[in-house]
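**Q** Submitted below is the structure of interest, expressed as structure tokens.
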Amino acid sequence: MKASAFLYPWDVLGDPDAPARIADLGVRQVTLASAYHSTRALTPHHPGHRIVTAEYAAVLYPPDEPHWQGRELRPCPAGAWAPGDAYGEAAASLAAAGLDVHSWVVLAHNSRLGAEHPETSVVNAYGDRYPWAPCIAQPRVRAYLVALAAEAAARPGAGGTELESCGWYGLAHLHGHDKIAGVALDGTAEYLMSLCFCASCERGYGEVGLDAGELRVRVRGALEPVWRGGPVGASGAELLAATLEFRTRAARELQEAAVAAVRERGGPGFQVLLHADPRPERCGANAGVDARHVLGVADGVVVPCAGGPDLLAPFAALGSAGVLAANLTVVSGMGGRPGELAREAARVAALGATELRLYHTGLASRTDLEAVRRAGVLG
């Protein structure tokens, strides 16, 4: 079964054994980060370091100045963790080992953008801003994300791309010294805490017949029982349904524009996949989508299956000829089961998956990688 392994450039640069180590797993493709959010990452195999700290969201190549000329919002090049054309150098090393390389582009997840341009961030019903979450309903934010998608995806030598966070980001976010788990939020409560009330979103609510001021009050009212330790108020589901039309439209506009821009720059045959969740209300790395719509826009989807394969079903039911890639975690320390890869691969294939994604071969131990290699199901 065709599989692609996720990697960061710093997993490869300075480690001459990395390309062969990945190729020996049996994969034919690598999904290599070209634009990525801030992170702290383990590098268990690298001869020169064990921890890489990417201090802010950055592009891992030199930005093309003509592409960004005259634009107010623009990406930051990486610092010492991925200097120069880190993506290009790593991609060349991987290609020399016989691996196809596709780019991995993170879009609407950018804390530095929120810090430098706070007005671009999602702002919740209480007036709290989420600096990690650019509001995709704002025209200039959408224009920035589309321009970023085009440049970061169609890197020299890449045969395709995977667009992550191509939709709404909200409350859920792994943050340094996180302290928000004191009150449990179900899916509806998390959605209500992810609703944006910036000027663009308030206008959008008006377009679907909602008064933004009244909506803000109703959202707070529905959430009040949650802060006392109870379930979200009875109106929560109603508020979700009422706001979803506008938010789905905003996400579709971003997805359509981003895919079109990538295809224009990438040229014929350049494959575009979206990391996607078939529940349109979902926020985060795997953007909530309408399954039928997204498969009519992109060449396929990458679906999170670490918690089980259930999210594959809405895509598989459409019988699309597009790529349906099941994303499986192969890092034991992150809850993955690399020793069960053969069984999990057979299970997702039976449910309609056409490809696998392995998250994340740069983070996995040698024991985990050996289990992946022994599974013998990759191609």
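How things are named: the first chain in the structure tokens is A, the next is B, and so on; residues count from 1 in each chain; ligands count from 1 in the order shown.
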Which region 94-169 of chain A residues have any atom within 12 Å of an atom of region 64-74 of chain A, and for each, what is the nearest pair of atoms with distance in Å to one decimal, counting only C-alpha atoms, rows sorted by chain and number, as JSON lines?
**A**
{"residue": "A:Asn110", "atom": "CA", "partner": "A:Arg74", "partner_atom": "CA", "distance": 11.5}
{"residue": "A:Arg112", "atom": "CA", "partner": "A:Arg74", "partner_atom": "CA", "distance": 11.0}
{"residue": "A:Leu113", "atom": "CA", "partner": "A:Leu73", "partner_atom": "CA", "distance": 8.1}
{"residue": "A:Gly114", "atom": "CA", "partner": "A:Leu73", "partner_atom": "CA", "distance": 10.9}
{"residue": "A:Glu116", "atom": "CA", "partner": "A:Leu73", "partner_atom": "CA", "distance": 9.7}
{"residue": "A:His117", "atom": "CA", "partner": "A:Leu73", "partner_atom": "CA", "distance": 8.5}
{"residue": "A:Pro118", "atom": "CA", "partner": "A:Leu73", "partner_atom": "CA", "distance": 11.9}
{"residue": "A:Glu119", "atom": "CA", "partner": "A:Leu73", "partner_atom": "CA", "distance": 11.8}
{"residue": "A:Thr120", "atom": "CA", "partner": "A:Leu73", "partner_atom": "CA", "distance": 9.8}
{"residue": "A:Pro134", "atom": "CA", "partner": "A:Leu73", "partner_atom": "CA", "distance": 11.5}
{"residue": "A:Pro139", "atom": "CA", "partner": "A:Leu73", "partner_atom": "CA", "distance": 11.5}
{"residue": "A:Arg140", "atom": "CA", "partner": "A:Leu73", "partner_atom": "CA", "distance": 7.8}
{"residue": "A:Val141", "atom": "CA", "partner": "A:Leu73", "partner_atom": "CA", "distance": 7.7}
{"residue": "A:Arg142", "atom": "CA", "partner": "A:Leu73", "partner_atom": "CA", "distance": 10.3}
{"residue": "A:Ala143", "atom": "CA", "partner": "A:Leu73", "partner_atom": "CA", "distance": 8.9}
{"residue": "A:Tyr144", "atom": "CA", "partner": "A:Leu73", "partner_atom": "CA", "distance": 6.1}
{"residue": "A:Leu145", "atom": "CA", "partner": "A:Arg74", "partner_atom": "CA", "distance": 9.1}
{"residue": "A:Val146", "atom": "CA", "partner": "A:Arg74", "partner_atom": "CA", "distance": 11.1}
{"residue": "A:Ala147", "atom": "CA", "partner": "A:His67", "partner_atom": "CA", "distance": 8.0}
{"residue": "A:Leu148", "atom": "CA", "partner": "A:Arg74", "partner_atom": "CA", "distance": 8.0}
{"residue": "A:Ala149", "atom": "CA", "partner": "A:Arg74", "partner_atom": "CA", "distance": 11.7}
{"residue": "A:Ala150", "atom": "CA", "partner": "A:His67", "partner_atom": "CA", "distance": 9.7}
{"residue": "A:Glu151", "atom": "CA", "partner": "A:Asp64", "partner_atom": "CA", "distance": 7.8}
{"residue": "A:Ala152", "atom": "CA", "partner": "A:Asp64", "partner_atom": "CA", "distance": 9.9}
{"residue": "A:Arg155", "atom": "CA", "partner": "A:Asp64", "partner_atom": "CA", "distance": 11.0}
**Q** Could you write out that same residue set with N, CA, C and O atoms as a tab-separated table (two decimals), in the first residue's frame?
**A**
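Generated output (result02.tsv):
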chain	number	residue	atom	x	y	z
A	110	ASN	N	-0.66	30.08	13.25
A	110	ASN	CA	0.52	30.94	13.17
A	110	ASN	C	0.52	31.93	14.32
A	110	ASN	O	-0.09	32.99	14.25
A	112	ARG	N	3.01	33.70	15.48
A	112	ARG	CA	3.77	34.93	15.22
A	112	ARG	C	2.92	35.95	14.48
A	112	ARG	O	2.97	37.14	14.77
A	113	LEU	N	2.12	35.49	13.52
A	113	LEU	CA	1.22	36.39	12.82
A	113	LEU	C	0.28	37.05	13.82
A	113	LEU	O	0.03	38.27	13.76
A	114	GLY	N	-0.25	36.27	14.76
A	114	GLY	CA	-1.15	36.81	15.75
A	114	GLY	C	-0.48	37.78	16.69
A	114	GLY	O	-1.11	38.74	17.17
A	116	GLU	N	2.22	39.73	15.90
A	116	GLU	CA	2.60	40.94	15.18
A	116	GLU	C	1.41	41.68	14.61
A	116	GLU	O	1.46	42.90	14.42
A	117	HIS	N	0.33	40.95	14.33
A	117	HIS	CA	-0.89	41.54	13.77
A	117	HIS	C	-2.08	40.99	14.55
A	117	HIS	O	-2.85	40.17	14.03
A	118	PRO	N	-2.27	41.41	15.80
A	118	PRO	CA	-3.32	40.81	16.63
A	118	PRO	C	-4.72	40.93	16.05
A	118	PRO	O	-5.58	40.09	16.33
A	119	GLU	N	-4.93	41.92	15.21
A	119	GLU	CA	-6.26	42.11	14.63
A	119	GLU	C	-6.62	41.01	13.64
A	119	GLU	O	-7.77	40.88	13.24
A	120	THR	N	-5.64	40.18	13.25
A	120	THR	CA	-5.91	39.10	12.31
A	120	THR	C	-6.41	37.83	13.01
A	120	THR	O	-6.82	36.88	12.34
A	134	PRO	N	-5.35	32.46	12.93
A	134	PRO	CA	-5.76	33.54	12.03
A	134	PRO	C	-7.22	33.36	11.62
A	134	PRO	O	-7.65	32.22	11.36
A	139	PRO	N	-10.64	39.06	4.67
A	139	PRO	CA	-10.10	38.99	3.31
A	139	PRO	C	-8.58	39.05	3.24
A	139	PRO	O	-7.97	38.31	2.45
A	140	ARG	N	-7.93	39.89	4.04
A	140	ARG	CA	-6.47	39.98	3.92
A	140	ARG	C	-5.79	38.75	4.51
A	140	ARG	O	-4.72	38.36	4.03
A	141	VAL	N	-6.41	38.13	5.51
A	141	VAL	CA	-5.85	36.88	6.02
A	141	VAL	C	-5.98	35.79	4.97
A	141	VAL	O	-5.03	35.04	4.71
A	142	ARG	N	-7.15	35.71	4.35
A	142	ARG	CA	-7.35	34.69	3.31
A	142	ARG	C	-6.37	34.91	2.16
A	142	ARG	O	-5.79	33.95	1.64
A	143	ALA	N	-6.16	36.16	1.75
A	143	ALA	CA	-5.22	36.45	0.67
A	143	ALA	C	-3.81	36.01	1.04
A	143	ALA	O	-3.06	35.45	0.21
A	144	TYR	N	-3.43	36.26	2.30
A	144	TYR	CA	-2.11	35.84	2.77
A	144	TYR	C	-1.97	34.31	2.73
A	144	TYR	O	-0.97	33.78	2.24
A	145	LEU	N	-2.97	33.61	3.23
A	145	LEU	CA	-2.90	32.16	3.28
A	145	LEU	C	-2.87	31.54	1.89
A	145	LEU	O	-2.16	30.55	1.66
A	146	VAL	N	-3.61	32.12	0.97
A	146	VAL	CA	-3.60	31.61	-0.41
A	146	VAL	C	-2.23	31.83	-1.04
A	146	VAL	O	-1.69	30.94	-1.71
A	147	ALA	N	-1.65	33.01	-0.82
A	147	ALA	CA	-0.31	33.28	-1.36
A	147	ALA	C	0.73	32.36	-0.73
A	147	ALA	O	1.64	31.87	-1.41
A	148	LEU	N	0.60	32.11	0.56
A	148	LEU	CA	1.52	31.20	1.24
A	148	LEU	C	1.37	29.79	0.70
A	148	LEU	O	2.37	29.10	0.44
A	149	ALA	N	0.13	29.34	0.52
A	149	ALA	CA	-0.09	27.99	-0.01
A	149	ALA	C	0.60	27.81	-1.35
A	149	ALA	O	1.28	26.80	-1.58
A	150	ALA	N	0.44	28.79	-2.23
A	150	ALA	CA	1.03	28.67	-3.57
A	150	ALA	C	2.54	28.57	-3.50
A	150	ALA	O	3.15	27.70	-4.14
A	151	GLU	N	3.18	29.45	-2.73
A	151	GLU	CA	4.64	29.47	-2.70
A	151	GLU	C	5.21	28.27	-1.96
A	151	GLU	O	6.17	27.63	-2.43
A	152	ALA	N	4.64	27.95	-0.78
A	152	ALA	CA	5.21	26.89	0.04
A	152	ALA	C	4.93	25.51	-0.52
A	152	ALA	O	5.69	24.56	-0.26
A	155	ARG	N	7.23	23.87	-4.32
A	155	ARG	CA	8.68	24.01	-4.22
A	155	ARG	C	9.36	23.22	-5.34
A	155	ARG	O	8.80	22.22	-5.83
**Q** Any chance you could list, as an mmCIF file with C-alpha atoms, in the first residue's frame, the residues in region 98-328 of chain A that come up alpha helix (DSSP H) when DSSP is run on the backbone?
**A**
data_model
loop_
_atom_site.group_PDB
_atom_site.id
_atom_site.type_symbol
_atom_site.label_atom_id
_atom_site.label_comp_id
_atom_site.auth_asym_id
_atom_site.auth_seq_id
_atom_site.Cartn_x
_atom_site.Cartn_y
_atom_site.Cartn_z
ATOM 1 C CA SER A 111 1.240 32.461 16.578
ATOM 2 C CA ARG A 112 3.772 34.930 15.223
ATOM 3 C CA LEU A 113 1.219 36.393 12.817
ATOM 4 C CA GLY A 114 -1.151 36.815 15.755
ATOM 5 C CA ALA A 115 1.527 38.472 17.872
ATOM 6 C CA GLU A 116 2.604 40.937 15.180
ATOM 7 C CA PRO A 139 -10.099 38.987 3.306
ATOM 8 C CA ARG A 140 -6.475 39.985 3.916
ATOM 9 C CA VAL A 141 -5.855 36.880 6.024
ATOM 10 C CA ARG A 142 -7.350 34.695 3.311
ATOM 11 C CA ALA A 143 -5.222 36.448 0.669
ATOM 12 C CA TYR A 144 -2.105 35.836 2.766
ATOM 13 C CA LEU A 145 -2.902 32.161 3.284
ATOM 14 C CA VAL A 146 -3.599 31.615 -0.408
ATOM 15 C CA ALA A 147 -0.314 33.284 -1.358
ATOM 16 C CA LEU A 148 1.523 31.201 1.240
ATOM 17 C CA ALA A 149 -0.087 27.993 -0.006
ATOM 18 C CA ALA A 150 1.028 28.669 -3.566
ATOM 19 C CA GLU A 151 4.640 29.469 -2.696
ATOM 20 C CA ALA A 152 5.210 26.889 0.043
ATOM 21 C CA ALA A 153 3.497 24.036 -1.798
ATOM 22 C CA GLY A 187 -17.490 19.122 21.000
ATOM 23 C CA THR A 188 -20.291 21.697 21.101
ATOM 24 C CA ALA A 189 -18.689 23.730 23.891
ATOM 25 C CA GLU A 190 -15.349 23.708 22.089
ATOM 26 C CA TYR A 191 -17.081 24.869 18.899
ATOM 27 C CA LEU A 192 -18.774 27.751 20.725
ATOM 28 C CA MET A 193 -15.433 28.738 22.263
ATOM 29 C CA SER A 194 -13.954 28.715 18.746
ATOM 30 C CA ALA A 199 -15.565 42.573 12.454
ATOM 31 C CA SER A 200 -15.436 40.299 9.404
ATOM 32 C CA CYS A 201 -17.192 37.453 11.206
ATOM 33 C CA GLU A 202 -19.813 39.769 12.679
ATOM 34 C CA ARG A 203 -20.637 40.902 9.152
ATOM 35 C CA GLY A 204 -20.743 37.278 8.053
ATOM 36 C CA TYR A 205 -23.212 36.373 10.764
ATOM 37 C CA GLY A 206 -25.378 39.256 9.602
ATOM 38 C CA GLU A 207 -25.382 37.839 6.083
ATOM 39 C CA ALA A 212 -23.702 39.459 16.187
ATOM 40 C CA GLY A 213 -24.349 41.229 19.474
ATOM 41 C CA GLU A 214 -27.241 38.960 20.343
ATOM 42 C CA LEU A 215 -25.263 35.923 19.195
ATOM 43 C CA ARG A 216 -22.376 36.818 21.486
ATOM 44 C CA VAL A 217 -24.751 37.024 24.475
ATOM 45 C CA ARG A 218 -26.410 33.719 23.578
ATOM 46 C CA VAL A 219 -23.064 31.948 23.209
ATOM 47 C CA ARG A 220 -21.972 33.143 26.637
ATOM 48 C CA GLY A 221 -25.277 32.009 28.073
ATOM 49 C CA ALA A 222 -24.971 28.546 26.559
ATOM 50 C CA LEU A 223 -21.438 28.203 27.954
ATOM 51 C CA GLU A 224 -22.235 29.402 31.469
ATOM 52 C CA PRO A 225 -23.285 25.942 32.762
ATOM 53 C CA VAL A 226 -19.958 24.551 31.492
ATOM 54 C CA TRP A 227 -17.936 26.837 33.778
ATOM 55 C CA GLY A 236 -25.662 25.101 22.228
ATOM 56 C CA ALA A 237 -26.647 22.760 19.405
ATOM 57 C CA GLU A 238 -28.966 25.411 17.970
ATOM 58 C CA LEU A 239 -26.175 28.002 17.985
ATOM 59 C CA LEU A 240 -23.812 25.555 16.296
ATOM 60 C CA ALA A 241 -26.305 24.910 13.511
ATOM 61 C CA ALA A 242 -27.123 28.598 13.078
ATOM 62 C CA THR A 243 -23.491 29.700 12.679
ATOM 63 C CA LEU A 244 -22.205 26.756 10.666
ATOM 64 C CA GLU A 245 -23.515 28.044 7.328
ATOM 65 C CA PHE A 246 -21.333 31.147 7.434
ATOM 66 C CA ARG A 247 -18.281 29.346 8.794
ATOM 67 C CA THR A 248 -18.543 26.552 6.237
ATOM 68 C CA ARG A 249 -18.765 29.117 3.453
ATOM 69 C CA ALA A 250 -15.648 30.900 4.704
ATOM 70 C CA ALA A 251 -13.727 27.616 4.891
ATOM 71 C CA ARG A 252 -14.836 26.612 1.396
ATOM 72 C CA GLU A 253 -13.699 29.937 -0.043
ATOM 73 C CA LEU A 254 -10.245 29.464 1.471
ATOM 74 C CA GLN A 255 -9.981 25.857 0.326
ATOM 75 C CA GLU A 256 -11.084 26.613 -3.222
ATOM 76 C CA ALA A 257 -8.759 29.599 -3.561
ATOM 77 C CA ALA A 258 -5.775 27.837 -2.001
ATOM 78 C CA VAL A 259 -6.088 24.743 -4.180
ATOM 79 C CA ALA A 260 -6.522 26.858 -7.323
ATOM 80 C CA ALA A 261 -3.447 28.954 -6.505
ATOM 81 C CA VAL A 262 -1.330 25.876 -5.811
ATOM 82 C CA ARG A 263 -2.392 24.216 -9.048
ATOM 83 C CA GLU A 264 -1.646 27.353 -11.043
ATOM 84 C CA ARG A 265 1.854 27.531 -9.636
ATOM 85 C CA GLY A 266 2.511 23.794 -9.504
ATOM 86 C CA ALA A 291 -16.771 15.569 2.234
ATOM 87 C CA ARG A 292 -18.469 15.885 -1.146
ATOM 88 C CA HIS A 293 -17.340 19.480 -1.619
ATOM 89 C CA VAL A 294 -13.704 18.957 -0.708
ATOM 90 C CA LEU A 295 -13.331 15.923 -2.967
ATOM 91 C CA GLY A 296 -14.634 18.088 -5.788
ATOM 92 C CA VAL A 297 -11.939 20.668 -5.076
ATOM 93 C CA ALA A 313 -16.423 6.472 6.108
ATOM 94 C CA PRO A 314 -17.992 9.755 4.875
ATOM 95 C CA PHE A 315 -15.268 10.119 2.245
ATOM 96 C CA ALA A 316 -15.259 6.467 1.195
#
**Q** From a DSSP pass on the backbone, collect the residues of region 271-326 of chain A flagged as strand (DSSP E or B) and hand them back as a list in words.
**A**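 For region 271-326 of chain A, the strand (DSSP E or B) set is Gln271, Val272, Leu273, Leu274, His275, Ala276, Asp277, Ala287, Gly288, Gly300, Val301, Val302, Val303, Pro304, Val323, Leu324, Ala325 and Ala326 of chain A.
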**Q** Using only C-alpha atoms, pick whichever of A:Tyr61, A:Tyr130, A:Trp104, A:Trp10 has the shortest atom-to-atom distance to Gly88 (chain A).
**A**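 Smallest separation from Gly88 (chain A) among the options: A:Tyr61.
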**Q** Between A:Gly284, A:Pro44, A:Pro75, A:Pro19, which is the closest to Ala172 (chain A) once you count only C-alpha atoms?
**A**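 So, comparing all the options, the nearest one is A:Gly284.
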**Q** Applying 7 Å and only C-alpha atoms, which residues near Gly160 (chain A) remain after dropping the ones on its own chain fewer than 4 positions away? List them as a list in words.
**A**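 After dropping sequence-adjacent residues, the list is His102, Ser103, Phe270, Gln271 and Val272 of chain A.
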**Q** Just write the chosen residues, N, CA, C and O atoms, as a short mmCIF file (atom, residue, chain, number, x, y, z; two decimals), in the first residue's frame.
**A**
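Saved file out_9.cif follows:
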data_model
loop_
_atom_site.label_atom_id
_atom_site.label_comp_id
_atom_site.auth_asym_id
_atom_site.auth_seq_id
_atom_site.Cartn_x
_atom_site.Cartn_y
_atom_site.Cartn_z
N HIS A 102 6.86 15.33 -1.48
CA HIS A 102 5.74 16.25 -1.52
C HIS A 102 5.90 17.23 -0.36
O HIS A 102 6.43 16.87 0.70
N SER A 103 5.44 18.44 -0.55
CA SER A 103 5.57 19.45 0.50
C SER A 103 4.44 19.32 1.51
O SER A 103 3.36 18.79 1.22
N PHE A 270 0.36 18.34 -10.67
CA PHE A 270 0.77 18.60 -9.29
C PHE A 270 -0.38 18.23 -8.36
O PHE A 270 -1.48 18.78 -8.45
N GLN A 271 -0.14 17.30 -7.46
CA GLN A 271 -1.20 16.75 -6.61
C GLN A 271 -1.42 17.64 -5.38
O GLN A 271 -0.48 18.04 -4.72
N VAL A 272 -2.69 17.90 -5.07
CA VAL A 272 -3.04 18.72 -3.92
C VAL A 272 -4.00 17.93 -3.02
O VAL A 272 -5.12 17.60 -3.43
#
**Q** So which one's closest to Gly14 (chain A), A:His109, A:Arg343, A:Arg337, A:His45? Using only C-alpha atoms, please.
**A**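 Checking each candidate against Gly14 (chain A), we get A:His45 as the closest.
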**Q** For Arg373 (chain A), find every residue with an atom within 7 Å (counting only C-alpha atoms), except residues of its own chain fewer than 3 positions away, and show them as JSON, numbers by chain.
**A** {"A": [25, 26, 369, 370, 376]}
**Q** Save out the residues we just selected, C-alpha atoms, as a PDB file, in the first residue's frame.
**A**
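Output contents, as saved in selection13.pdb:
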ATOM      1  CA  LEU A  25      11.059   1.455   5.767  1.00  0.00           C
ATOM      2  CA  GLY A  26       9.526   0.636   2.385  1.00  0.00           C
ATOM      3  CA  LEU A 369      10.848   2.382  12.934  1.00  0.00           C
ATOM      4  CA  GLU A 370      11.944  -1.243  12.983  1.00  0.00           C
ATOM      5  CA  GLY A 376       6.029  -5.113   5.282  1.00  0.00           C
TER       6      GLY A 376
END
**Q** Could you check the closest approach to Gly379 (chain A) for each of A:His275, A:Arg357, A:Arg282, A:His49 and tell me which residue wins, using only C-alpha atoms?
**A**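 Closest candidate: A:Arg357.
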**Q** Just the number, please: distance in Å from CA of Asp11 (chain A) to CA of Gly362 (chain A), one decimal.
**A**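 So the answer is 5.7 Å.
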**Q** Looking at A:Ser165, A:Ser235, A:Asn327, A:Ser320, which one is nearest to Tyr36 (chain A), with distances taken over only C-alpha atoms?
**A**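 The shortest atom-to-atom distance to Tyr36 (chain A) comes from A:Ser165.
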**Q** Which distance in Å separates CA of Thr31 (chain A) and CA of Arg279 (chain A), to one decimal?
**A**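 Result for CA of Thr31 (chain A) versus CA of Arg279 (chain A): 24.5 Å, one decimal.
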**Q** Measuring between only C-alpha atoms, which one of A:Ala97, A:Ile22, A:Leu378, A:Leu312 shows the shortest distance to Arg347 (chain A)?
**A**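 Ranking A:Ala97, A:Ile22, A:Leu378, A:Leu312 by distance to Arg347 (chain A), first place goes to A:Leu312.
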